[in-house]
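Here is the structure we will look at, set down as structure tokens.
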Protein chains: 2
Amino acid sequence: MKYSNIFGKTKKENKEYDSKNAYLLTKAGFIEQTISGVYKFLPLGIRVLRKIENIIRTEMDKIAQEMLLNVLSSKEVYVKTNRDKIDVLFETKPANLKTDISYFLNPTHEDNITPLVKQYVRSYKNLPVCLYQIQWKFRSELRSKSGLLRCREFYMKDLYSFHKDEKDFYEYYEVVKNSYIKIFNKLGIGESTIIALASGGDFTQNYTHEFQVKCDSGEDLIFYDDINNIYYNKEVTPSKAPAVINSEEIMEYSEVYKPGIIGVEEIAKFLDIPVQKCVKTLLYISDGKPFAVAIRGDYEVNEIKLKKILSSKSIRLATAEEIKNIANTEIGYTGIKGLPKEVKIICDESIENLINFEIGINKTGYHAINVNWERDLKKPNKFYDIKVAKDGDLNPLTNKPYTTFRAVEVGNIFPLGTKFPDAFDFKYIDNNGSSQQIYMGSYGIGVSRLVGVIAELFSDENGLVWPIQVAPYHVHITSLNKSDDDEIINKAKKVYEFLQQNNIEVLLDDRFDTSAGEKFADSDLIGIPYRITISQKNYNLEEIEVKLRKENVTKYMKLEDLVNEIKTNLSKFIE
Amino acid sequence: MKYSNIFGKTKKENKEYDSKNAYLLTKAGFIEQTISGVYKFLPLGIRVLRKIENIIRTEMDKIAQEMLLNVLSSKEVYVKTNRDKIDVLFETKPANLKTDISYFLNPTHEDNITPLVKQYVRSYKNLPVCLYQIQWKFRSELRSKSGLLRCREFYMKDLYSFHKDEKDFYEYYEVVKNSYIKIFNKLGIGESTIIALASGGDFTQNYTHEFQVKCDSGEDLIFYDDINNIYYNKEVTPSKAPAVINSEEIMEYSEVYKPGIIGVEEIAKFLDIPVQKCVKTLLYISDGKPFAVAIRGDYEVNEIKLKKILSSKSIRLATAEEIKNIANTEIGYTGIKGLPKEVKIICDESIENLINFEIGINKTGYHAINVNWERDLKKPNKFYDIKVAKDGDLNPLTNKPYTTFRAVEVGNIFPLGTKFPDAFDFKYIDNNGSSQQIYMGSYGIGVSRLVGVIAELFSDENGLVWPIQVAPYHVHITSLNKSDDDEIINKAKKVYEFLQQNNIEVLLDDRFDTSAGEKFADSDLIGIPYRITISQKNYNLEEIEVKLRKENVTKYMKLEDLVNEIKTNLSKFIE
């Protein structure tokens with residue numbers, strides 16, 4: 001491809017973006033933002049996208065069969081799986097026709113693939129079924145951000161598997177895990193990718209696994225337990241609050257009446273105490289019974305941990321009316337003092353060693369201050385970890401702070417248990433003739449997101465630095481010609497043709513009205529791994545001038561040797 | 001691929017579909033209908049889809065650059081192009097979030113690509129720009145039908161080109177036309193594909209070109225002018241009505257009062273005369289002025305022809321109120337007798353030779369019967385062709401009926417003039433420094449539709465008969481083994497491996513619990529071009545038994561020769 005012809009040139013000026021990938025990919029002419037969270041892929045961008053897609057497809061074809069599911073979905077299947085109220089669903093209707101037609105746009109495809117597979121599976125002989133697709137997905141994110149990392153419209157590989165029992169499922173789960181490791185290695189991001197433990201949601205008490213790439217623009221926070229060499233997603237990180245230094249004397253208990261002060265931040269400000277001295281109490285309902293949860297003011301309650309402690313599949317916050325009935329107070333004044341005896345209290349360990357702290361006392365308008373355990377309030381026999389971990393939290397095993405880093409999820413593998421097959425009454429007949437439940441898993445990789453992730457990881461102050469296996473072209477020829485028909489451009493074209501004949505993908509900068517400096521800057525910005533410079537100085541030499549984008553060294557080599565070097569490099573990644 | 005493993009088996013029973021492609025592709029396990037007009041592609045189906053896609057991409061890459069546009073569109077761009085009220089638009093919103101987010105789903109991408117190209121084009125040096133994509137499209141069809149031929153969700157190749165003048169545009173238009181001819185030849189449907197003339201809509205007075213495939217399930221009706229060797233879409237076919245035999249005597253003019261009888265069908269029934277003896281009169285408005293149109297009762301008015309005759313870009317039917325003002329009658333009683341003089345009357349030639357006919361007389365509740373030219377009504381000096389052609393109509397050049405056939409459109413090439421660039425104020429600076437309008441074209445090929453079209457064209461009473469270049473596999477091995485480890489299946493596996501090692505794509509029917517008859521029937525239904533049978537009779541022979549799906553001849557040949565034959569066949573279509 002000649003750069004003078006390519007659609008989508010580099011920009012001298014670029015508007016501001018909230019992430020490196022959006023900024024660089026837009027500036028270099030790979031993508032254009034359409035609306036928030038929706039991008040167009042220009043010719044350079046789609047070449048990267050397709051290469052990533054093909055690397056994924058090659059590995060997927062070894063462990064599953066490709067197919068293609070629908071974008072538009074009946075609402076009925078989401079009602080069956082009880083997912084018609086999830087907040088990422090887009091609803092679509094004819095804009096200008098009077099009709100009852102109304103669909104959802106699929107954000108994932110469990111709801112659609114399960115009834116399809118049911119049509120073809122009767123007996124254990126038909127299992128397992130492992131199907132994947134690479135298809136557009138849609139999520140109605142309230143806020144899309146970080147360029148290609150969090151979009152409303154995105155291209156994704158999703159694999160679904162159906163098994164005769166949990167054992168068979170978990171064997172395949174390991175197969176997929178290994179396939180993913182291979183894919184991320186082939187994409188060149190293996191070293192930056194870690195497997196983090198995450199929550200299984202309502203599907204399993206076991207952890208699930210997320211493939212996370214260390215990345216400053218990532219929206220996830222990962223905690224590293226260096227004793228056990230385990231990475232945790234923050235939602236499942238076992239954590240201990242760093243102690244609040246309490247050098248002060250024990251103060252006198254008192255109650256303060258000040259209506260209208262709601263929430264720990266406001267209370268702390270009003271009382272002029274650190275928020276860490278406030279105890280937040282929330283009332284929950286589980287299986288129809290109320291229970292209270294107390295946690296230090298600077299933490300959030302982690303419902304995933306809470307469910308595990310209670311062995312409960314569903315918990316929810318009490319409504320204002322329920323709070324009134326249970327604790328006889330308006331919302332905002334619940335506390336662990338003065339609750340009816342039948343309300344079980346679960347205290348986070350962050351409040352165990354507090355002194356002179358603030359609590360609600362279930363009296364509208366009132367807060368108690370300088371509360372101390374045992375003197376004012378019975379100290380619980382046991383404290384729990386029910387908090388969302390945050391930066392600075394201690395690893396309970398070592399009492400030392402975790403190493404934390406921001407990351408972006410590039411893949412996940414997820415046990416779904418029997419939820420979706422059950423929703424469609426999808427069972428199979430085993431070899432004894434009995435009807436049995438089916439175990440399902442889902443496994444995703446964000447294909448368009450990976451374009452953004454790779455741009456984040458492989459870039460420097462001058463622009464993008466593509467790994468060769470996903471680069472839009474292998475070689476960028478910077479021809480320093482002064483016209484469109486001088487010795488330099490003629491030599492450049494010969495090199496261009498030779499490389500193309502040898503199946504090397506080449507971008508030839510043939511512009512004659514552009515300065516050398518501008519051409520080099522564009523080449524750095526676009527980030528193609530090999531740059532060949534053809535200039536007045538070197539056009540008649542036998543060896544060509546080659547510079548690797550990721551190194552600052554210029555070397556001279558024979559064209560044949562360059563072809564061999566590139567092919568050797570590519571063969572490590574492309575089958 | 002082993003047939004015992006493949007997802008999506010043949011069906012013994014199949015529900016009824018309105019088209020051969022939906023019935024066969026579903027029965028053979030290529031696709032599954034999700035909802036009306038939305039299909040899932042199973043592993044066999046996606047292999048066909050991808051092969052079609054790749055043949056198209058190979059040709060497109062020679063004349064344009066690939067990119068990928070958004071599915072979700074801002075509404076704003078459709079408002080700018082005045083297309084926000086078109087009836088095929090889907091509107092989409094978050095189903096469960098309170099927000100103002102609201103998008104259209106693109107049915108085509110003119111509205112989105114034009115502002116993108118504007119960002120990168122300033123001068124004549126940046127033109128032409130020719131970009132294509134292969135992407136999902138959405139149309140809110142009230143009725144989807146004919147399987148993959150008319151879908152609400154469909155996969156399409158669309159190309160857009162932008163030019164400095166009309167001449168440059170038309171040169172490229174011919175390039176695309178030739179590229180399309182090559183594509184349809186490579187897909188194996190060249191012989192069945194004709195180029196029909198169609199309307200340029202509001203964009204151009206010139207004809208546009210549709211690539212139409214003769215097909216009984218097609219929704220278009222094509223008229224063939226065998227004198228000039230021209231195919232017309234029915235909307236632009238020059239047509240002459242076959243004469244109504246008028247052997248009767250001239251009757252006495254009279255007026256009938258019968259209120260509430262509206263429409264030619266009802267009038268004809270009430271009067272007990274053929275509908276061909278009724279003259280339908282419609283009032284139109286063009287540039288603020290009314291005119292009347294008269295046509296035989298069995299024809300519909302063709303507004304495309306009407307616009308050409310009037311040299312008017314926009315005409316519309318008069319409202320009930322306008323009819324009252326202009327003709328002093330309720331709707332339904334307008335006629336060519338008694339209209340104000342300033343209302344121009346355009347008569348279709350279908351009424352020129354009528355005798356004893358019925359007309360409206362612009363008096364509410366009244367119809368005139370046994371009307372005759374000159375005696376009752378001045379005969380116009382000139383009659384026109386303003387009808388939608390129908391089967392049986394005569395070619396005006398020959399006075400003989402056209403040959404007509406049903407067809408499905410597989411591609412179109414369309415001059416868009418300057419409409420879309422103008423809507424976005426997208427102009428360029430020519431080499432004299434003047435601002436100039438930009439000429440645009442769009443060019444589509446229905447990729448998923450082609451799966452259906454090829455299934456319609458290449459099938460017989462036993463099932464599908466795929467051309468080798470788009471077949472899901474090249475060879476189907478029917479192994480007549482009785483267990484999963486006998487001499488027959490072992491031989492079949494050896495053949496399977498040999499062919500795969502030679503890059504031949506093979507489906508191996510390895511089932512041991514299925515009868516030979518069933519296996520042969522399945523093989524015919526699936527329609528892979530070469531069938532190898534391995535049986536008790538032939539498993540130890542040196543040559544293998546080969547049958548072509550499209551012929552009824554069995555031959556014996558060496559495996560190496562089969563490989564060569566397949567590769568030679570493929571090389572005709574695949575580069």
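Chain labels follow the order of the structure tokens: the first chain is A, the next B, and so on; residue numbering restarts at 1 in every chain, and ligands are counted from 1 in their shown order.
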Quick one: which chain B residues come within 8 Å of chain A, and what is the nearest atom pair for each with the distance in Å to one decimal, counting only C-alpha atoms, rows ordered by chain and ascending number, as a tab-separated table?
residue	atom	partner	partner_atom	distance
B:Ile6	CA	A:Gln65	CA	7.7
B:Phe7	CA	A:Val129	CA	7.4
B:Gly8	CA	A:Tyr120	CA	6.7
B:Lys9	CA	A:Tyr120	CA	7.4
B:Thr34	CA	A:Asn70	CA	7.4
B:Ile35	CA	A:Ser74	CA	6.9
B:Val38	CA	A:Asn70	CA	6.6
B:Tyr39	CA	A:Asn70	CA	6.3
B:Lys40	CA	A:Leu69	CA	4.7
B:Phe41	CA	A:Leu68	CA	4.9
B:Leu42	CA	A:Met67	CA	4.9
B:Pro43	CA	A:Met67	CA	4.8
B:Gly45	CA	A:Met67	CA	7.7
B:Ile46	CA	A:Met67	CA	5.8
B:Gln65	CA	A:Pro43	CA	6.3
B:Glu66	CA	A:Pro43	CA	5.6
B:Met67	CA	A:Pro43	CA	4.8
B:Leu68	CA	A:Phe41	CA	5.0
B:Leu69	CA	A:Lys40	CA	4.7
B:Asn70	CA	A:Lys40	CA	5.6
B:Val71	CA	A:Glu153	CA	7.6
B:Leu72	CA	A:Val38	CA	7.2
B:Ser73	CA	A:Thr34	CA	7.7
B:Ser74	CA	A:Ile35	CA	6.9
B:Lys85	CA	A:Asn96	CA	6.1
B:Ile86	CA	A:Asn96	CA	6.8
B:Asp87	CA	A:Asn96	CA	5.3
B:Val88	CA	A:Pro94	CA	7.1
B:Leu89	CA	A:Ala95	CA	5.6
B:Phe90	CA	A:Pro94	CA	4.3
B:Glu91	CA	A:Ala95	CA	4.9
B:Thr92	CA	A:Thr92	CA	4.1
B:Lys93	CA	A:Phe90	CA	5.4
B:Pro94	CA	A:Phe90	CA	4.3
B:Ala95	CA	A:Glu91	CA	4.9
B:Asn96	CA	A:Asp87	CA	5.3
B:Leu97	CA	A:Asp87	CA	6.1
B:Thr99	CA	A:Leu142	CA	7.8
B:Phe104	CA	A:Ala95	CA	7.9
B:Tyr120	CA	A:Gly8	CA	6.7
B:Val129	CA	A:Phe7	CA	7.4
B:Ser140	CA	A:Pro94	CA	5.5
B:Leu142	CA	A:Thr99	CA	7.8
B:Glu153	CA	A:Leu72	CA	7.3
Open item on the list: With only C-alpha atoms as the counted atoms, please give the residues lying no more than 10 Å from Pro242 of chain B, apart from itself and same-chain residues fewer than 6 positions off, as a PyMOL selection string.
Closed with: chain B and resi 350+392-395+399-401
Please produce a file of those selected residues containing all heavy atoms, as a compact mmCIF listing (two decimals), in the first residue's frame.
# COMPACT_ATOMS: atom_id res chain seq x y z
N SER B 350 -52.94 2.79 -21.73
CA SER B 350 -53.84 1.64 -21.52
C SER B 350 -55.31 2.03 -21.71
O SER B 350 -56.16 1.16 -21.91
CB SER B 350 -53.64 1.06 -20.12
OG SER B 350 -53.81 2.07 -19.12
N GLY B 392 -47.24 -10.03 -18.82
CA GLY B 392 -48.18 -10.03 -19.93
C GLY B 392 -48.13 -8.74 -20.74
O GLY B 392 -48.64 -8.67 -21.85
N ASP B 393 -47.52 -7.71 -20.17
CA ASP B 393 -47.43 -6.43 -20.88
C ASP B 393 -46.56 -6.57 -22.13
O ASP B 393 -45.67 -7.43 -22.21
CB ASP B 393 -46.82 -5.35 -19.97
CG ASP B 393 -47.87 -4.77 -19.02
OD1 ASP B 393 -49.00 -5.28 -19.03
OD2 ASP B 393 -47.53 -3.84 -18.27
N LEU B 394 -46.84 -5.69 -23.08
CA LEU B 394 -46.12 -5.76 -24.36
C LEU B 394 -44.91 -4.84 -24.35
O LEU B 394 -44.92 -3.78 -23.72
CB LEU B 394 -47.06 -5.33 -25.49
CG LEU B 394 -48.42 -6.02 -25.54
CD1 LEU B 394 -49.23 -5.49 -26.73
CD2 LEU B 394 -48.27 -7.54 -25.63
N ASN B 395 -43.89 -5.26 -25.05
CA ASN B 395 -42.75 -4.40 -25.33
C ASN B 395 -43.20 -3.41 -26.41
O ASN B 395 -43.59 -3.82 -27.50
CB ASN B 395 -41.60 -5.28 -25.84
CG ASN B 395 -40.34 -4.47 -26.11
OD1 ASN B 395 -40.39 -3.26 -26.26
ND2 ASN B 395 -39.22 -5.16 -26.17
N ASN B 399 -44.46 -4.80 -29.83
CA ASN B 399 -45.86 -5.17 -29.63
C ASN B 399 -46.05 -6.64 -29.23
O ASN B 399 -47.14 -7.20 -29.41
CB ASN B 399 -46.71 -4.85 -30.86
CG ASN B 399 -47.37 -3.48 -30.71
OD1 ASN B 399 -47.66 -3.06 -29.58
ND2 ASN B 399 -47.58 -2.80 -31.82
N LYS B 400 -44.97 -7.24 -28.78
CA LYS B 400 -45.08 -8.63 -28.31
C LYS B 400 -44.84 -8.67 -26.80
O LYS B 400 -44.13 -7.82 -26.27
CB LYS B 400 -44.04 -9.50 -28.99
CG LYS B 400 -44.42 -9.85 -30.41
CD LYS B 400 -43.38 -10.77 -31.02
CE LYS B 400 -43.65 -10.94 -32.51
NZ LYS B 400 -42.47 -11.37 -33.22
N PRO B 401 -45.43 -9.63 -26.12
CA PRO B 401 -45.23 -9.67 -24.66
C PRO B 401 -43.76 -9.88 -24.31
O PRO B 401 -43.03 -10.58 -25.01
CB PRO B 401 -46.05 -10.88 -24.21
CG PRO B 401 -46.98 -11.19 -25.33
CD PRO B 401 -46.30 -10.72 -26.59
For Asn229 of chain A, find every residue with an atom within 12 Å (counting only C-alpha atoms), except residues of its own chain fewer than 4 positions away, and show them as an mmCIF file with N, CA, C and O atoms, in the first residue's frame.
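Output (part_17.cif):
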data_model
loop_
_atom_site.group_PDB
_atom_site.id
_atom_site.type_symbol
_atom_site.label_atom_id
_atom_site.label_comp_id
_atom_site.auth_asym_id
_atom_site.auth_seq_id
_atom_site.Cartn_x
_atom_site.Cartn_y
_atom_site.Cartn_z
ATOM 1 N N ILE A 194 -1.881 -11.739 33.318
ATOM 2 C CA ILE A 194 -1.932 -12.632 34.474
ATOM 3 C C ILE A 194 -3.356 -13.200 34.592
ATOM 4 O O ILE A 194 -4.309 -12.658 34.017
ATOM 5 N N ILE A 195 -3.451 -14.317 35.288
ATOM 6 C CA ILE A 195 -4.773 -14.905 35.520
ATOM 7 C C ILE A 195 -5.197 -14.515 36.925
ATOM 8 O O ILE A 195 -4.537 -14.874 37.905
ATOM 9 N N ALA A 196 -6.255 -13.744 37.013
ATOM 10 C CA ALA A 196 -6.737 -13.291 38.319
ATOM 11 C C ALA A 196 -7.963 -14.096 38.726
ATOM 12 O O ALA A 196 -8.768 -14.497 37.874
ATOM 13 N N LEU A 197 -8.063 -14.330 40.024
ATOM 14 C CA LEU A 197 -9.263 -14.991 40.530
ATOM 15 C C LEU A 197 -10.376 -13.959 40.620
ATOM 16 O O LEU A 197 -10.155 -12.815 41.014
ATOM 17 N N PHE A 223 -4.984 -7.266 42.933
ATOM 18 C CA PHE A 223 -4.182 -7.395 44.157
ATOM 19 C C PHE A 223 -3.316 -8.636 44.032
ATOM 20 O O PHE A 223 -3.837 -9.717 43.746
ATOM 21 N N TYR A 224 -2.029 -8.486 44.275
ATOM 22 C CA TYR A 224 -1.116 -9.614 44.108
ATOM 23 C C TYR A 224 -0.666 -10.133 45.469
ATOM 24 O O TYR A 224 -0.083 -9.387 46.268
ATOM 25 N N ASP A 225 -0.944 -11.386 45.712
ATOM 26 C CA ASP A 225 -0.502 -12.073 46.922
ATOM 27 C C ASP A 225 0.818 -12.764 46.577
ATOM 28 O O ASP A 225 0.826 -13.824 45.958
ATOM 29 N N TYR A 402 -0.753 -5.429 49.984
ATOM 30 C CA TYR A 402 -0.679 -6.070 48.664
ATOM 31 C C TYR A 402 0.044 -5.162 47.682
ATOM 32 O O TYR A 402 -0.015 -3.937 47.806
ATOM 33 N N THR A 403 0.687 -5.773 46.702
ATOM 34 C CA THR A 403 1.053 -5.024 45.504
ATOM 35 C C THR A 403 -0.208 -4.933 44.648
ATOM 36 O O THR A 403 -0.871 -5.950 44.412
#
Could you pull the residues within 12 Å of Arg449 of chain B, counting only C-alpha atoms, minus those fewer than 2 positions along the same chain, as a tab-separated table (two decimals) with N, CA, C and O atoms, in the first residue's frame?
chain	number	residue	atom	x	y	z
B	21	ASN	N	-34.58	-22.19	-0.14
B	21	ASN	CA	-33.32	-22.01	0.59
B	21	ASN	C	-33.52	-22.18	2.09
B	21	ASN	O	-32.73	-22.84	2.75
B	22	ALA	N	-34.59	-21.60	2.64
B	22	ALA	CA	-34.81	-21.74	4.09
B	22	ALA	C	-35.05	-23.21	4.43
B	22	ALA	O	-34.51	-23.74	5.40
B	37	GLY	N	-36.82	-13.47	9.89
B	37	GLY	CA	-35.82	-12.60	9.28
B	37	GLY	C	-34.49	-12.54	10.01
B	37	GLY	O	-33.65	-11.71	9.69
B	38	VAL	N	-34.29	-13.42	10.98
B	38	VAL	CA	-33.03	-13.45	11.73
B	38	VAL	C	-32.59	-14.92	11.84
B	38	VAL	O	-33.34	-15.74	12.35
B	39	TYR	N	-31.40	-15.21	11.35
B	39	TYR	CA	-30.93	-16.59	11.32
B	39	TYR	C	-29.62	-16.75	12.08
B	39	TYR	O	-28.83	-15.81	12.18
B	48	VAL	N	-19.76	-21.80	4.42
B	48	VAL	CA	-20.20	-21.28	3.12
B	48	VAL	C	-20.16	-19.76	3.12
B	48	VAL	O	-19.63	-19.13	2.20
B	49	LEU	N	-20.68	-19.17	4.19
B	49	LEU	CA	-20.69	-17.70	4.31
B	49	LEU	C	-19.28	-17.13	4.18
B	49	LEU	O	-19.04	-16.16	3.46
B	52	ILE	N	-17.86	-17.30	0.59
B	52	ILE	CA	-18.43	-16.25	-0.25
B	52	ILE	C	-17.79	-14.91	0.10
B	52	ILE	O	-17.37	-14.15	-0.78
B	53	GLU	N	-17.69	-14.65	1.39
B	53	GLU	CA	-17.09	-13.39	1.86
B	53	GLU	C	-15.67	-13.23	1.32
B	53	GLU	O	-15.29	-12.15	0.87
B	136	TRP	N	-22.60	-6.20	9.34
B	136	TRP	CA	-24.02	-6.48	9.55
B	136	TRP	C	-24.85	-5.22	9.35
B	136	TRP	O	-24.43	-4.13	9.73
B	137	LYS	N	-26.01	-5.43	8.77
B	137	LYS	CA	-26.96	-4.35	8.53
B	137	LYS	C	-28.31	-4.78	9.11
B	137	LYS	O	-28.58	-5.97	9.24
B	145	LYS	N	-39.17	-12.46	4.54
B	145	LYS	CA	-39.59	-13.70	3.90
B	145	LYS	C	-38.48	-14.32	3.07
B	145	LYS	O	-37.39	-13.77	2.99
B	146	SER	N	-38.79	-15.48	2.53
B	146	SER	CA	-37.87	-16.16	1.63
B	146	SER	C	-36.50	-16.44	2.25
B	146	SER	O	-35.47	-16.26	1.62
B	147	GLY	N	-36.51	-16.90	3.50
B	147	GLY	CA	-35.27	-17.35	4.13
B	147	GLY	C	-34.22	-16.27	4.17
B	147	GLY	O	-34.47	-15.16	4.65
B	148	LEU	N	-33.05	-16.58	3.63
B	148	LEU	CA	-31.95	-15.62	3.69
B	148	LEU	C	-32.07	-14.51	2.64
B	148	LEU	O	-31.22	-13.63	2.56
B	149	LEU	N	-33.13	-14.55	1.83
B	149	LEU	CA	-33.24	-13.56	0.74
B	149	LEU	C	-33.71	-12.19	1.23
B	149	LEU	O	-33.40	-11.17	0.62
B	150	ARG	N	-34.48	-12.15	2.32
B	150	ARG	CA	-35.00	-10.87	2.80
B	150	ARG	C	-35.03	-10.91	4.33
B	150	ARG	O	-35.95	-11.45	4.91
B	151	CYS	N	-33.98	-10.41	4.93
B	151	CYS	CA	-33.82	-10.54	6.38
B	151	CYS	C	-33.87	-9.19	7.09
B	151	CYS	O	-33.65	-8.15	6.49
B	152	ARG	N	-34.14	-9.25	8.36
B	152	ARG	CA	-34.07	-8.04	9.20
B	152	ARG	C	-32.62	-7.77	9.62
B	152	ARG	O	-32.25	-6.65	9.90
B	153	GLU	N	-31.85	-8.84	9.69
B	153	GLU	CA	-30.43	-8.75	10.06
B	153	GLU	C	-29.66	-9.48	8.97
B	153	GLU	O	-29.96	-10.64	8.71
B	154	PHE	N	-28.75	-8.82	8.31
B	154	PHE	CA	-28.07	-9.46	7.18
B	154	PHE	C	-26.66	-8.93	7.03
B	154	PHE	O	-26.33	-7.83	7.47
B	155	TYR	N	-25.83	-9.76	6.42
B	155	TYR	CA	-24.39	-9.50	6.28
B	155	TYR	C	-24.17	-8.99	4.86
B	155	TYR	O	-24.58	-9.65	3.90
B	156	MET	N	-23.54	-7.83	4.75
B	156	MET	CA	-23.49	-7.19	3.44
B	156	MET	C	-22.13	-6.57	3.18
B	156	MET	O	-21.48	-6.07	4.09
B	157	LYS	N	-21.71	-6.63	1.92
B	157	LYS	CA	-20.54	-5.88	1.48
B	157	LYS	C	-21.06	-4.58	0.91
B	157	LYS	O	-21.90	-4.59	0.01
B	213	VAL	N	-30.47	-12.35	-10.08
B	213	VAL	CA	-30.35	-13.78	-10.34
B	213	VAL	C	-31.74	-14.36	-10.53
B	213	VAL	O	-32.62	-14.16	-9.69
B	218	GLY	N	-37.40	-15.22	-5.69
B	218	GLY	CA	-37.02	-13.80	-5.73
B	218	GLY	C	-38.25	-12.90	-5.65
B	218	GLY	O	-39.33	-13.28	-6.11
B	408	VAL	N	-33.88	-12.43	-7.82
B	408	VAL	CA	-33.45	-11.85	-6.54
B	408	VAL	C	-32.21	-11.00	-6.80
B	408	VAL	O	-31.30	-11.41	-7.53
B	409	GLU	N	-32.19	-9.85	-6.21
B	409	GLU	CA	-31.09	-8.92	-6.41
B	409	GLU	C	-29.91	-9.35	-5.54
B	409	GLU	O	-30.04	-9.49	-4.33
B	410	VAL	N	-28.76	-9.60	-6.17
B	410	VAL	CA	-27.57	-9.98	-5.38
B	410	VAL	C	-26.58	-8.82	-5.26
B	410	VAL	O	-25.70	-8.84	-4.41
B	411	GLY	N	-26.75	-7.82	-6.12
B	411	GLY	CA	-25.85	-6.67	-6.02
B	411	GLY	C	-26.46	-5.48	-6.72
B	411	GLY	O	-27.30	-5.64	-7.61
B	444	GLY	N	-23.52	-2.34	-3.45
B	444	GLY	CA	-23.75	-3.37	-2.44
B	444	GLY	C	-23.72	-4.78	-2.99
B	444	GLY	O	-24.02	-5.01	-4.17
B	445	ILE	N	-23.35	-5.73	-2.15
B	445	ILE	CA	-23.54	-7.15	-2.45
B	445	ILE	C	-24.04	-7.82	-1.17
B	445	ILE	O	-23.44	-7.63	-0.11
B	446	GLY	N	-25.12	-8.55	-1.28
B	446	GLY	CA	-25.69	-9.22	-0.10
B	446	GLY	C	-24.95	-10.52	0.17
B	446	GLY	O	-25.16	-11.50	-0.54
B	447	VAL	N	-24.10	-10.53	1.19
B	447	VAL	CA	-23.25	-11.71	1.43
B	447	VAL	C	-24.08	-12.87	2.01
B	447	VAL	O	-24.06	-13.98	1.48
B	451	VAL	N	-25.77	-16.81	0.26
B	451	VAL	CA	-25.85	-18.20	0.73
B	451	VAL	C	-27.21	-18.77	0.31
B	451	VAL	O	-27.32	-19.88	-0.22
B	452	GLY	N	-28.26	-17.96	0.51
B	452	GLY	CA	-29.60	-18.39	0.13
B	452	GLY	C	-29.78	-18.50	-1.38
B	452	GLY	O	-30.38	-19.45	-1.87
B	453	VAL	N	-29.23	-17.55	-2.10
B	453	VAL	CA	-29.37	-17.55	-3.56
B	453	VAL	C	-28.69	-18.79	-4.16
B	453	VAL	O	-29.26	-19.47	-5.01
B	454	ILE	N	-27.48	-19.07	-3.68
B	454	ILE	CA	-26.76	-20.24	-4.23
B	454	ILE	C	-27.50	-21.53	-3.87
B	454	ILE	O	-27.61	-22.44	-4.69
B	455	ALA	N	-28.08	-21.57	-2.68
B	455	ALA	CA	-28.88	-22.75	-2.30
B	455	ALA	C	-30.10	-22.90	-3.20
B	455	ALA	O	-30.47	-24.00	-3.59
B	456	GLU	N	-30.72	-21.77	-3.57
B	456	GLU	CA	-31.88	-21.83	-4.47
B	456	GLU	C	-31.47	-22.35	-5.85
B	456	GLU	O	-32.15	-23.17	-6.44
TODO: Pull the helix (DSSP H, G or I) assignments for segment 227-404 of chain B out of DSSP run on the backbone, and list those residues as a ChimeraX atom specification.
DONE: /B:234-236,264-271,275-277,303-310,320-327,349-351
Polymer residues at most 8 Å from Leu499 of chain A, only C-alpha atoms, same-chain spacing of 5 or more positions, as a compact mmCIF listing (two decimals) with C-alpha atoms, in the first residue's frame:
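New file around-v5.txt:
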# COMPACT_ATOMS: atom_id res chain seq x y z
CA ILE A 504 6.00 -9.19 3.10
CA GLU A 505 3.34 -6.56 3.78
CA VAL A 506 4.67 -3.11 3.03
CA LEU A 559 16.87 -7.42 1.31
CA VAL A 563 12.77 -11.15 4.29
Open item on the list: For a quick check of understanding, using only C-alpha atoms, which of B:Val465, B:Ile55, B:Leu480, B:Ile359 has the smallest distance to Ile183 of chain B?
Closed with: B:Ile55
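If you look at atom CA of Asp348 of chain A and atom CA of Gly360 of chain A, they are 15.9 Å away from each other.
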Task: Computed interatomic separation between atom CA of Gly338 of chain A and atom CA of Phe270 of chain A (Å) - done: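 So the two atoms, atom CA of Gly338 of chain A and atom CA of Phe270 of chain A, lie 22.9 Å apart.
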Open item on the list: as a PyMOL selection string, please: every residue in segment 12-190 of chain B that a backbone DSSP assignment puts in strand (DSSP E or B).
Closed with: chain B and resi 31-35+38-41+65-66+68+72-73+90-94+103-105+123+129-138+145+150+153-163
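In this comparison, which uses only C-alpha atoms, the residue of B:Lys387, B:Lys182, B:Lys167, B:Lys177 approaching Thr237 of chain B most closely is B:Lys387.
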